[in-house]
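Peer 1: Below you'll find the structure I mean.
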Amino acid sequence: MELNHNHSHHHHHHGNSATKNITVAFFLNLFFVVVELIGGLYTNSIAILSDALHDFGDCLSLGVAYAFQKKASKKRDNKYTYGYKRFSLMGSVFLSGVLFLSSVFVIIEASKRLFSPQEVHVGGMLWIAIFGLIINGLAALRLKKGTSLNEHAVFLHIMEDVLGWVAVLIVSIVMSFVDFPVLDPILSIVISVWVLTNVFRNMRATFSIMLQASPLNVDLDELRKSIADVPYVESIHDLHLWSLDGESHIMTLHVVTNTALTEQLKHNIIDVAKPYHIDHVTIELEKPNVDCQHSCD
C-alpha cells in the first residue's frame, strides 16, 4: 500500500473585511444609543426605548464579536493546528444569546403597554425614525456582504434595528392621522418575534458546525461523483467533510489508484474540491486489492 498525504490550504481573506464591518457597525451603534435614549424619553415611545436597549446590548455584543473575529483571523499554531477560525462561532453564540434575552425583554414590556397604552410624541417619533433608518441602514449595508456566521449574527442585530425604525416610522405616520397608540407595542412585539425566529436559525447553523456536520452548501453525493470521475481514480472511501466556520471546509479521503502519477492525481482532486470552498484536503492513496489499514467504512 502506498500512502501519500497532501494538505491543500487555500485560505479566504474574509477575516480583515469581517473585522472592519463589525467595527463600523460598533461605532454607528455607539453613536446612536445616545440619540435613541434621549429620543425615547422625549417621545415616551416603547418602540424607541426598546431600540435604545437593543442598541446598547448591540454595542456590548459588537465589542465581543470584534474580539472573537480578531482572534479568528490569527494564523494556526501548535495549540490550534487548524487555526482560530472557530472563534468567530463563539461570537455568533454570544450575539445570539444577547439578541434572545433583549427580544424577550421587549416582548414583556410591550405586552404591558397593550393593556395600558400611553400617549407618545408623534412628531419626535417621525424624525427620530428617519434618522434611525439612515444610521442603521448604513450599518446593515456594510454587513450584508459579510459571509461568516459571526457577521450574520451582527447583521441580525442591525436588521432588527432597521425593522424597528420602519415600525416606528409607520406608527408615527399612522398616529399623525389616527389616535391609536397601541400600534407602538404591537409592532415592537412583531419585530421581536421575527428576530427570535432568525436567532434560532443562526444558532442551529452554528451548532451544526460545532458538531462537525457536513456543510449544508455542499452536495456530498455530487462531490463524491466528481472525485470518482477524476482520471486514474478507481474508487474512493472513508471520505470525511466538515467545516471550520461555515466558510472554510476540511476534507479527508482514501483514494484507490494504480497510477504512478500520484502528484498529478492529488492536484486534480484538489482542483475538484476548490469550488466547494474546501480549503484543507488530506488524501491517502491506496493500491487496488489492498485492504485498508484504518477504519474505512
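If you're wondering about the labels, chains in the C-alpha cells are A, B, ... by order shown, residues count from 1 in each chain, ligands from 1 in order shown.
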Give me the residues within 8 Å of region 248-263 of chain A as a PDB file with all heavy atoms, in the first residue's frame, counting only C-alpha atoms and dropping any in the same chain fewer than 4 places off.

Peer 2:
ATOM      1  N   HIS A  11      -6.726  29.695   1.779  1.00  0.00           N
ATOM      2  CA  HIS A  11      -7.460  30.478   2.757  1.00  0.00           C
ATOM      3  C   HIS A  11      -8.172  31.641   2.097  1.00  0.00           C
ATOM      4  O   HIS A  11      -7.647  32.327   1.225  1.00  0.00           O
ATOM      5  CB  HIS A  11      -6.504  31.015   3.825  1.00  0.00           C
ATOM      6  CG  HIS A  11      -5.846  29.931   4.609  1.00  0.00           C
ATOM      7  ND1 HIS A  11      -6.533  29.129   5.494  1.00  0.00           N
ATOM      8  CD2 HIS A  11      -4.557  29.480   4.628  1.00  0.00           C
ATOM      9  CE1 HIS A  11      -5.702  28.249   6.039  1.00  0.00           C
ATOM     10  NE2 HIS A  11      -4.507  28.442   5.512  1.00  0.00           N
ATOM     11  N   HIS A  12      -9.389  31.917   2.542  1.00  0.00           N
ATOM     12  CA  HIS A  12     -10.140  33.076   2.095  1.00  0.00           C
ATOM     13  C   HIS A  12      -9.718  34.267   2.940  1.00  0.00           C
ATOM     14  O   HIS A  12      -9.411  34.139   4.117  1.00  0.00           O
ATOM     15  CB  HIS A  12     -11.651  32.844   2.281  1.00  0.00           C
ATOM     16  CG  HIS A  12     -12.158  31.693   1.475  1.00  0.00           C
ATOM     17  ND1 HIS A  12     -12.234  31.721   0.112  1.00  0.00           N
ATOM     18  CD2 HIS A  12     -12.602  30.462   1.851  1.00  0.00           C
ATOM     19  CE1 HIS A  12     -12.718  30.562  -0.331  1.00  0.00           C
ATOM     20  NE2 HIS A  12     -12.937  29.792   0.714  1.00  0.00           N
ATOM     21  N   PRO A 215     -21.087  20.389   5.665  1.00  0.00           N
ATOM     22  CA  PRO A 215     -21.570  21.723   5.296  1.00  0.00           C
ATOM     23  C   PRO A 215     -22.862  21.645   4.485  1.00  0.00           C
ATOM     24  O   PRO A 215     -22.974  20.833   3.559  1.00  0.00           O
ATOM     25  CB  PRO A 215     -20.427  22.298   4.446  1.00  0.00           C
ATOM     26  CG  PRO A 215     -19.218  21.539   4.894  1.00  0.00           C
ATOM     27  CD  PRO A 215     -19.700  20.162   5.232  1.00  0.00           C
ATOM     28  N   TYR A 232      -7.787   8.167 -13.437  1.00  0.00           N
ATOM     29  CA  TYR A 232      -6.940   7.269 -12.649  1.00  0.00           C
ATOM     30  C   TYR A 232      -7.496   6.968 -11.252  1.00  0.00           C
ATOM     31  O   TYR A 232      -6.872   6.224 -10.500  1.00  0.00           O
ATOM     32  CB  TYR A 232      -5.503   7.792 -12.517  1.00  0.00           C
ATOM     33  CG  TYR A 232      -4.845   8.068 -13.841  1.00  0.00           C
ATOM     34  CD1 TYR A 232      -4.525   9.372 -14.214  1.00  0.00           C
ATOM     35  CD2 TYR A 232      -4.556   7.034 -14.735  1.00  0.00           C
ATOM     36  CE1 TYR A 232      -3.931   9.644 -15.436  1.00  0.00           C
ATOM     37  CE2 TYR A 232      -3.955   7.288 -15.960  1.00  0.00           C
ATOM     38  CZ  TYR A 232      -3.658   8.602 -16.306  1.00  0.00           C
ATOM     39  OH  TYR A 232      -3.078   8.845 -17.535  1.00  0.00           O
ATOM     40  N   VAL A 233      -8.652   7.544 -10.910  1.00  0.00           N
ATOM     41  CA  VAL A 233      -9.287   7.205  -9.641  1.00  0.00           C
ATOM     42  C   VAL A 233     -10.164   5.982  -9.867  1.00  0.00           C
ATOM     43  O   VAL A 233     -11.124   6.017 -10.643  1.00  0.00           O
ATOM     44  CB  VAL A 233     -10.147   8.371  -9.095  1.00  0.00           C
ATOM     45  CG1 VAL A 233     -10.959   7.902  -7.876  1.00  0.00           C
ATOM     46  CG2 VAL A 233      -9.265   9.537  -8.707  1.00  0.00           C
ATOM     47  N   GLU A 234      -9.824   4.873  -9.212  1.00  0.00           N
ATOM     48  CA  GLU A 234     -10.615   3.653  -9.356  1.00  0.00           C
ATOM     49  C   GLU A 234     -11.808   3.642  -8.401  1.00  0.00           C
ATOM     50  O   GLU A 234     -12.889   3.177  -8.740  1.00  0.00           O
ATOM     51  CB  GLU A 234      -9.725   2.427  -9.132  1.00  0.00           C
ATOM     52  CG  GLU A 234      -8.641   2.286 -10.191  1.00  0.00           C
ATOM     53  CD  GLU A 234      -7.931   0.947 -10.115  1.00  0.00           C
ATOM     54  OE1 GLU A 234      -8.444   0.026  -9.446  1.00  0.00           O
ATOM     55  OE2 GLU A 234      -6.857   0.811 -10.732  1.00  0.00           O
ATOM     56  N   SER A 235     -11.587   4.149  -7.198  1.00  0.00           N
ATOM     57  CA  SER A 235     -12.680   4.256  -6.225  1.00  0.00           C
ATOM     58  C   SER A 235     -12.216   5.145  -5.068  1.00  0.00           C
ATOM     59  O   SER A 235     -11.015   5.407  -4.916  1.00  0.00           O
ATOM     60  CB  SER A 235     -13.096   2.875  -5.704  1.00  0.00           C
ATOM     61  OG  SER A 235     -12.044   2.290  -4.958  1.00  0.00           O
ATOM     62  N   ILE A 236     -13.176   5.586  -4.271  1.00  0.00           N
ATOM     63  CA  ILE A 236     -12.844   6.375  -3.078  1.00  0.00           C
ATOM     64  C   ILE A 236     -13.648   5.830  -1.899  1.00  0.00           C
ATOM     65  O   ILE A 236     -14.714   5.235  -2.079  1.00  0.00           O
ATOM     66  CB  ILE A 236     -13.144   7.879  -3.264  1.00  0.00           C
ATOM     67  CG1 ILE A 236     -14.645   8.105  -3.491  1.00  0.00           C
ATOM     68  CG2 ILE A 236     -12.331   8.464  -4.399  1.00  0.00           C
ATOM     69  CD1 ILE A 236     -15.039   9.576  -3.495  1.00  0.00           C
ATOM     70  N   HIS A 237     -13.129   6.015  -0.695  1.00  0.00           N
ATOM     71  CA  HIS A 237     -13.857   5.616   0.510  1.00  0.00           C
ATOM     72  C   HIS A 237     -13.330   6.424   1.694  1.00  0.00           C
ATOM     73  O   HIS A 237     -12.378   7.190   1.562  1.00  0.00           O
ATOM     74  CB  HIS A 237     -13.724   4.107   0.773  1.00  0.00           C
ATOM     75  CG  HIS A 237     -12.305   3.648   0.919  1.00  0.00           C
ATOM     76  ND1 HIS A 237     -11.551   3.228  -0.144  1.00  0.00           N
ATOM     77  CD2 HIS A 237     -11.501   3.520   1.997  1.00  0.00           C
ATOM     78  CE1 HIS A 237     -10.350   2.875   0.259  1.00  0.00           C
ATOM     79  NE2 HIS A 237     -10.291   3.052   1.582  1.00  0.00           N
ATOM     80  N   ASP A 238     -13.973   6.225   2.822  1.00  0.00           N
ATOM     81  CA  ASP A 238     -13.575   6.903   4.066  1.00  0.00           C
ATOM     82  C   ASP A 238     -13.475   8.418   3.877  1.00  0.00           C
ATOM     83  O   ASP A 238     -12.529   9.057   4.343  1.00  0.00           O
ATOM     84  CB  ASP A 238     -12.248   6.334   4.568  1.00  0.00           C
ATOM     85  CG  ASP A 238     -12.087   6.531   6.074  1.00  0.00           C
ATOM     86  OD1 ASP A 238     -13.111   6.535   6.778  1.00  0.00           O
ATOM     87  OD2 ASP A 238     -10.947   6.708   6.547  1.00  0.00           O
ATOM     88  N   LEU A 239     -14.448   8.973   3.178  1.00  0.00           N
ATOM     89  CA  LEU A 239     -14.463  10.421   2.950  1.00  0.00           C
ATOM     90  C   LEU A 239     -15.135  11.122   4.136  1.00  0.00           C
ATOM     91  O   LEU A 239     -16.226  10.755   4.545  1.00  0.00           O
ATOM     92  CB  LEU A 239     -15.208  10.746   1.652  1.00  0.00           C
ATOM     93  CG  LEU A 239     -15.147  12.201   1.174  1.00  0.00           C
ATOM     94  CD1 LEU A 239     -15.282  12.253  -0.351  1.00  0.00           C
ATOM     95  CD2 LEU A 239     -16.251  13.064   1.793  1.00  0.00           C
ATOM     96  N   HIS A 240     -14.452  12.112   4.682  1.00  0.00           N
ATOM     97  CA  HIS A 240     -14.994  12.903   5.789  1.00  0.00           C
ATOM     98  C   HIS A 240     -14.944  14.378   5.400  1.00  0.00           C
ATOM     99  O   HIS A 240     -13.937  14.852   4.860  1.00  0.00           O
ATOM    100  CB  HIS A 240     -14.192  12.685   7.069  1.00  0.00           C
ATOM    101  CG  HIS A 240     -14.161  11.253   7.521  1.00  0.00           C
ATOM    102  ND1 HIS A 240     -15.207  10.674   8.200  1.00  0.00           N
ATOM    103  CD2 HIS A 240     -13.221  10.277   7.362  1.00  0.00           C
ATOM    104  CE1 HIS A 240     -14.918   9.413   8.465  1.00  0.00           C
ATOM    105  NE2 HIS A 240     -13.719   9.147   7.957  1.00  0.00           N
ATOM    106  N   LEU A 241     -16.020  15.089   5.673  1.00  0.00           N
ATOM    107  CA  LEU A 241     -16.101  16.505   5.324  1.00  0.00           C
ATOM    108  C   LEU A 241     -16.759  17.268   6.458  1.00  0.00           C
ATOM    109  O   LEU A 241     -17.826  16.891   6.937  1.00  0.00           O
ATOM    110  CB  LEU A 241     -16.910  16.676   4.025  1.00  0.00           C
ATOM    111  CG  LEU A 241     -17.092  18.111   3.516  1.00  0.00           C
ATOM    112  CD1 LEU A 241     -15.761  18.709   3.083  1.00  0.00           C
ATOM    113  CD2 LEU A 241     -18.086  18.142   2.359  1.00  0.00           C
ATOM    114  N   TRP A 242     -16.103  18.318   6.901  1.00  0.00           N
ATOM    115  CA  TRP A 242     -16.688  19.176   7.932  1.00  0.00           C
ATOM    116  C   TRP A 242     -16.207  20.603   7.716  1.00  0.00           C
ATOM    117  O   TRP A 242     -15.392  20.872   6.833  1.00  0.00           O
ATOM    118  CB  TRP A 242     -16.335  18.671   9.335  1.00  0.00           C
ATOM    119  CG  TRP A 242     -14.899  18.765   9.750  1.00  0.00           C
ATOM    120  CD1 TRP A 242     -14.323  19.730  10.531  1.00  0.00           C
ATOM    121  CD2 TRP A 242     -13.846  17.847   9.428  1.00  0.00           C
ATOM    122  NE1 TRP A 242     -12.986  19.467  10.711  1.00  0.00           N
ATOM    123  CE2 TRP A 242     -12.660  18.312  10.057  1.00  0.00           C
ATOM    124  CE3 TRP A 242     -13.785  16.674   8.687  1.00  0.00           C
ATOM    125  CZ2 TRP A 242     -11.445  17.660   9.942  1.00  0.00           C
ATOM    126  CZ3 TRP A 242     -12.559  16.018   8.573  1.00  0.00           C
ATOM    127  CH2 TRP A 242     -11.412  16.515   9.202  1.00  0.00           C
ATOM    128  N   SER A 243     -16.734  21.528   8.491  1.00  0.00           N
ATOM    129  CA  SER A 243     -16.421  22.943   8.294  1.00  0.00           C
ATOM    130  C   SER A 243     -15.802  23.549   9.551  1.00  0.00           C
ATOM    131  O   SER A 243     -16.165  23.190  10.675  1.00  0.00           O
ATOM    132  CB  SER A 243     -17.694  23.714   7.928  1.00  0.00           C
ATOM    133  OG  SER A 243     -17.385  25.072   7.662  1.00  0.00           O
ATOM    134  N   LEU A 244     -14.872  24.464   9.346  1.00  0.00           N
ATOM    135  CA  LEU A 244     -14.271  25.170  10.476  1.00  0.00           C
ATOM    136  C   LEU A 244     -15.196  26.254  10.997  1.00  0.00           C
ATOM    137  O   LEU A 244     -15.403  26.398  12.200  1.00  0.00           O
ATOM    138  CB  LEU A 244     -12.933  25.796  10.062  1.00  0.00           C
ATOM    139  CG  LEU A 244     -11.725  24.864  10.007  1.00  0.00           C
ATOM    140  CD1 LEU A 244     -10.522  25.607   9.454  1.00  0.00           C
ATOM    141  CD2 LEU A 244     -11.413  24.312  11.385  1.00  0.00           C
ATOM    142  N   HIS A 267      -3.355  16.719  -7.229  1.00  0.00           N
ATOM    143  CA  HIS A 267      -3.676  18.092  -7.645  1.00  0.00           C
ATOM    144  C   HIS A 267      -5.025  18.159  -8.362  1.00  0.00           C
ATOM    145  O   HIS A 267      -5.786  19.122  -8.198  1.00  0.00           O
ATOM    146  CB  HIS A 267      -2.573  18.638  -8.550  1.00  0.00           C
ATOM    147  CG  HIS A 267      -1.331  19.050  -7.813  1.00  0.00           C
ATOM    148  ND1 HIS A 267      -1.337  20.029  -6.839  1.00  0.00           N
ATOM    149  CD2 HIS A 267      -0.057  18.613  -7.895  1.00  0.00           C
ATOM    150  CE1 HIS A 267      -0.108  20.178  -6.352  1.00  0.00           C
ATOM    151  NE2 HIS A 267       0.690  19.326  -6.974  1.00  0.00           N
ATOM    152  N   HIS A 277     -15.378  25.281  -1.717  1.00  0.00           N
ATOM    153  CA  HIS A 277     -14.765  26.012  -0.593  1.00  0.00           C
ATOM    154  C   HIS A 277     -14.087  25.080   0.402  1.00  0.00           C
ATOM    155  O   HIS A 277     -14.093  25.324   1.610  1.00  0.00           O
ATOM    156  CB  HIS A 277     -15.807  26.880   0.130  1.00  0.00           C
ATOM    157  CG  HIS A 277     -16.490  27.869  -0.756  1.00  0.00           C
ATOM    158  ND1 HIS A 277     -15.845  28.964  -1.280  1.00  0.00           N
ATOM    159  CD2 HIS A 277     -17.762  27.910  -1.238  1.00  0.00           C
ATOM    160  CE1 HIS A 277     -16.690  29.650  -2.043  1.00  0.00           C
ATOM    161  NE2 HIS A 277     -17.848  29.024  -2.041  1.00  0.00           N
ATOM    162  N   ILE A 278     -13.516  23.999  -0.118  1.00  0.00           N
ATOM    163  CA  ILE A 278     -12.765  23.063   0.724  1.00  0.00           C
ATOM    164  C   ILE A 278     -11.304  23.506   0.686  1.00  0.00           C
ATOM    165  O   ILE A 278     -10.612  23.337  -0.319  1.00  0.00           O
ATOM    166  CB  ILE A 278     -12.929  21.619   0.216  1.00  0.00           C
ATOM    167  CG1 ILE A 278     -14.409  21.222   0.240  1.00  0.00           C
ATOM    168  CG2 ILE A 278     -12.100  20.659   1.069  1.00  0.00           C
ATOM    169  CD1 ILE A 278     -14.710  19.884  -0.403  1.00  0.00           C
ATOM    170  N   ASP A 279     -10.844  24.083   1.781  1.00  0.00           N
ATOM    171  CA  ASP A 279      -9.517  24.691   1.823  1.00  0.00           C
ATOM    172  C   ASP A 279      -8.434  23.736   2.316  1.00  0.00           C
ATOM    173  O   ASP A 279      -7.260  23.952   2.064  1.00  0.00           O
ATOM    174  CB  ASP A 279      -9.536  25.922   2.730  1.00  0.00           C
ATOM    175  CG  ASP A 279     -10.497  26.986   2.220  1.00  0.00           C
ATOM    176  OD1 ASP A 279     -10.659  27.057   0.995  1.00  0.00           O
ATOM    177  OD2 ASP A 279     -11.072  27.717   3.032  1.00  0.00           O
ATOM    178  N   HIS A 280      -8.814  22.714   3.060  1.00  0.00           N
ATOM    179  CA  HIS A 280      -7.854  21.733   3.578  1.00  0.00           C
ATOM    180  C   HIS A 280      -8.246  20.355   3.035  1.00  0.00           C
ATOM    181  O   HIS A 280      -9.334  19.864   3.317  1.00  0.00           O
ATOM    182  CB  HIS A 280      -7.873  21.696   5.106  1.00  0.00           C
ATOM    183  CG  HIS A 280      -7.494  22.989   5.750  1.00  0.00           C
ATOM    184  ND1 HIS A 280      -6.246  23.232   6.280  1.00  0.00           N
ATOM    185  CD2 HIS A 280      -8.202  24.122   5.947  1.00  0.00           C
ATOM    186  CE1 HIS A 280      -6.206  24.457   6.777  1.00  0.00           C
ATOM    187  NE2 HIS A 280      -7.377  25.011   6.585  1.00  0.00           N
ATOM    188  N   VAL A 281      -7.366  19.756   2.258  1.00  0.00           N
ATOM    189  CA  VAL A 281      -7.641  18.433   1.695  1.00  0.00           C
ATOM    190  C   VAL A 281      -6.501  17.491   2.063  1.00  0.00           C
ATOM    191  O   VAL A 281      -5.329  17.789   1.800  1.00  0.00           O
ATOM    192  CB  VAL A 281      -7.782  18.483   0.159  1.00  0.00           C
ATOM    193  CG1 VAL A 281      -8.075  17.085  -0.385  1.00  0.00           C
ATOM    194  CG2 VAL A 281      -8.883  19.453  -0.244  1.00  0.00           C
ATOM    195  N   THR A 282      -6.833  16.381   2.698  1.00  0.00           N
ATOM    196  CA  THR A 282      -5.844  15.353   3.015  1.00  0.00           C
ATOM    197  C   THR A 282      -6.225  14.088   2.254  1.00  0.00           C
ATOM    198  O   THR A 282      -7.325  13.568   2.422  1.00  0.00           O
ATOM    199  CB  THR A 282      -5.798  15.051   4.528  1.00  0.00           C
ATOM    200  OG1 THR A 282      -5.474  16.256   5.236  1.00  0.00           O
ATOM    201  CG2 THR A 282      -4.744  13.998   4.835  1.00  0.00           C
ATOM    202  N   ILE A 283      -5.312  13.624   1.411  1.00  0.00           N
ATOM    203  CA  ILE A 283      -5.583  12.476   0.537  1.00  0.00           C
ATOM    204  C   ILE A 283      -4.638  11.334   0.874  1.00  0.00           C
ATOM    205  O   ILE A 283      -3.425  11.525   0.946  1.00  0.00           O
ATOM    206  CB  ILE A 283      -5.396  12.861  -0.947  1.00  0.00           C
ATOM    207  CG1 ILE A 283      -6.278  14.060  -1.308  1.00  0.00           C
ATOM    208  CG2 ILE A 283      -5.702  11.663  -1.851  1.00  0.00           C
ATOM    209  CD1 ILE A 283      -5.957  14.667  -2.656  1.00  0.00           C
ATOM    210  N   GLU A 284      -5.194  10.150   1.073  1.00  0.00           N
ATOM    211  CA  GLU A 284      -4.382   8.946   1.279  1.00  0.00           C
ATOM    212  C   GLU A 284      -4.614   8.029   0.086  1.00  0.00           C
ATOM    213  O   GLU A 284      -5.750   7.646  -0.210  1.00  0.00           O
ATOM    214  CB  GLU A 284      -4.758   8.252   2.584  1.00  0.00           C
ATOM    215  CG  GLU A 284      -3.884   7.043   2.875  1.00  0.00           C
ATOM    216  CD  GLU A 284      -4.036   6.548   4.304  1.00  0.00           C
ATOM    217  OE1 GLU A 284      -4.495   7.335   5.158  1.00  0.00           O
ATOM    218  OE2 GLU A 284      -3.717   5.372   4.542  1.00  0.00           O
ATOM    219  N   LEU A 285      -3.530   7.709  -0.610  1.00  0.00           N
ATOM    220  CA  LEU A 285      -3.621   6.863  -1.802  1.00  0.00           C
ATOM    221  C   LEU A 285      -3.361   5.403  -1.449  1.00  0.00           C
ATOM    222  O   LEU A 285      -2.467   5.101  -0.661  1.00  0.00           O
ATOM    223  CB  LEU A 285      -2.613   7.328  -2.853  1.00  0.00           C
ATOM    224  CG  LEU A 285      -2.767   8.773  -3.347  1.00  0.00           C
ATOM    225  CD1 LEU A 285      -1.710   9.070  -4.400  1.00  0.00           C
ATOM    226  CD2 LEU A 285      -4.163   9.035  -3.888  1.00  0.00           C
ATOM    227  N   GLU A 286      -4.151   4.514  -2.059  1.00  0.00           N
ATOM    228  CA  GLU A 286      -4.019   3.075  -1.801  1.00  0.00           C
ATOM    229  C   GLU A 286      -3.989   2.315  -3.121  1.00  0.00           C
ATOM    230  O   GLU A 286      -4.632   2.711  -4.095  1.00  0.00           O
ATOM    231  CB  GLU A 286      -5.190   2.576  -0.945  1.00  0.00           C
ATOM    232  CG  GLU A 286      -5.283   3.242   0.419  1.00  0.00           C
ATOM    233  CD  GLU A 286      -6.561   2.842   1.156  1.00  0.00           C
ATOM    234  OE1 GLU A 286      -7.406   2.158   0.551  1.00  0.00           O
ATOM    235  OE2 GLU A 286      -6.706   3.238   2.327  1.00  0.00           O
ATOM    236  N   LYS A 287      -3.262   1.199  -3.118  1.00  0.00           N
ATOM    237  CA  LYS A 287      -3.207   0.329  -4.297  1.00  0.00           C
ATOM    238  C   LYS A 287      -4.461  -0.540  -4.355  1.00  0.00           C
ATOM    239  O   LYS A 287      -5.053  -0.860  -3.307  1.00  0.00           O
ATOM    240  CB  LYS A 287      -1.976  -0.569  -4.237  1.00  0.00           C
ATOM    241  CG  LYS A 287      -0.645   0.152  -4.412  1.00  0.00           C
ATOM    242  CD  LYS A 287      -0.481   0.662  -5.818  1.00  0.00           C
ATOM    243  CE  LYS A 287       0.924   1.269  -6.014  1.00  0.00           C
ATOM    244  NZ  LYS A 287       1.077   1.776  -7.404  1.00  0.00           N
ATOM    245  N   PRO A 288      -4.882  -0.928  -5.549  1.00  0.00           N
ATOM    246  CA  PRO A 288      -6.066  -1.826  -5.656  1.00  0.00           C
ATOM    247  C   PRO A 288      -5.801  -3.163  -4.980  1.00  0.00           C
ATOM    248  O   PRO A 288      -4.653  -3.616  -4.880  1.00  0.00           O
ATOM    249  CB  PRO A 288      -6.213  -1.997  -7.180  1.00  0.00           C
ATOM    250  CG  PRO A 288      -5.498  -0.839  -7.783  1.00  0.00           C
ATOM    251  CD  PRO A 288      -4.366  -0.510  -6.860  1.00  0.00           C
TER     252      PRO A 288
END

Peer 1: With only C-alpha atoms as the counted atoms, please give the residues lying no more than 7 Å from Leu49 (chain A), apart from itself and same-chain residues fewer than 3 positions off, as a ChimeraX atom specification.

Peer 2: /A:36-37,40,45-46,52-53

Peer 1: So that I have them on file, write out the residues from the current selection with N, CA and C atoms, as a short mmCIF file (atom, residue, chain, number, x, y, z; two decimals), in the first residue's frame.

Peer 2:
data_model
loop_
_atom_site.label_atom_id
_atom_site.label_comp_id
_atom_site.auth_asym_id
_atom_site.auth_seq_id
_atom_site.Cartn_x
_atom_site.Cartn_y
_atom_site.Cartn_z
N GLU A 36 -31.00 57.62 20.63
CA GLU A 36 -32.21 56.84 20.91
C GLU A 36 -32.69 57.04 22.35
N LEU A 37 -31.77 57.04 23.29
CA LEU A 37 -32.14 57.18 24.69
C LEU A 37 -32.84 58.51 24.94
N GLY A 40 -36.19 58.50 22.95
CA GLY A 40 -37.21 57.63 23.55
C GLY A 40 -37.86 58.25 24.77
N SER A 45 -41.92 56.73 23.74
CA SER A 45 -42.21 55.60 22.84
C SER A 45 -41.49 54.34 23.30
N ILE A 46 -42.25 53.27 23.53
CA ILE A 46 -41.65 51.99 23.93
C ILE A 46 -40.84 51.39 22.78
N ALA A 52 -33.33 51.49 21.85
CA ALA A 52 -32.19 52.00 22.61
C ALA A 52 -31.56 50.89 23.44
N LEU A 53 -32.41 50.07 24.04
CA LEU A 53 -31.92 48.94 24.84
C LEU A 53 -31.20 47.94 23.95
#

Peer 1: Rounded to one decimal in Å, what is the spacing between CA of Leu62 (chain A) and CA of Phe26 (chain A)?

Peer 2: 5.7 Å

Peer 1: Going by DSSP on the backbone, which bits of region 11-257 of chain A are helix (DSSP H, G or I)? Write them as an MDAnalysis selection string, please.

Peer 2: chainID A and resid 15:43 46:72 87:115 122:144 149:177 183:210 220:228

Peer 1: Suppose you want the space between CA of Val195 (chain A) and CA of Ser92 (chain A); what is it in Å?

Peer 2: 14.3 Å
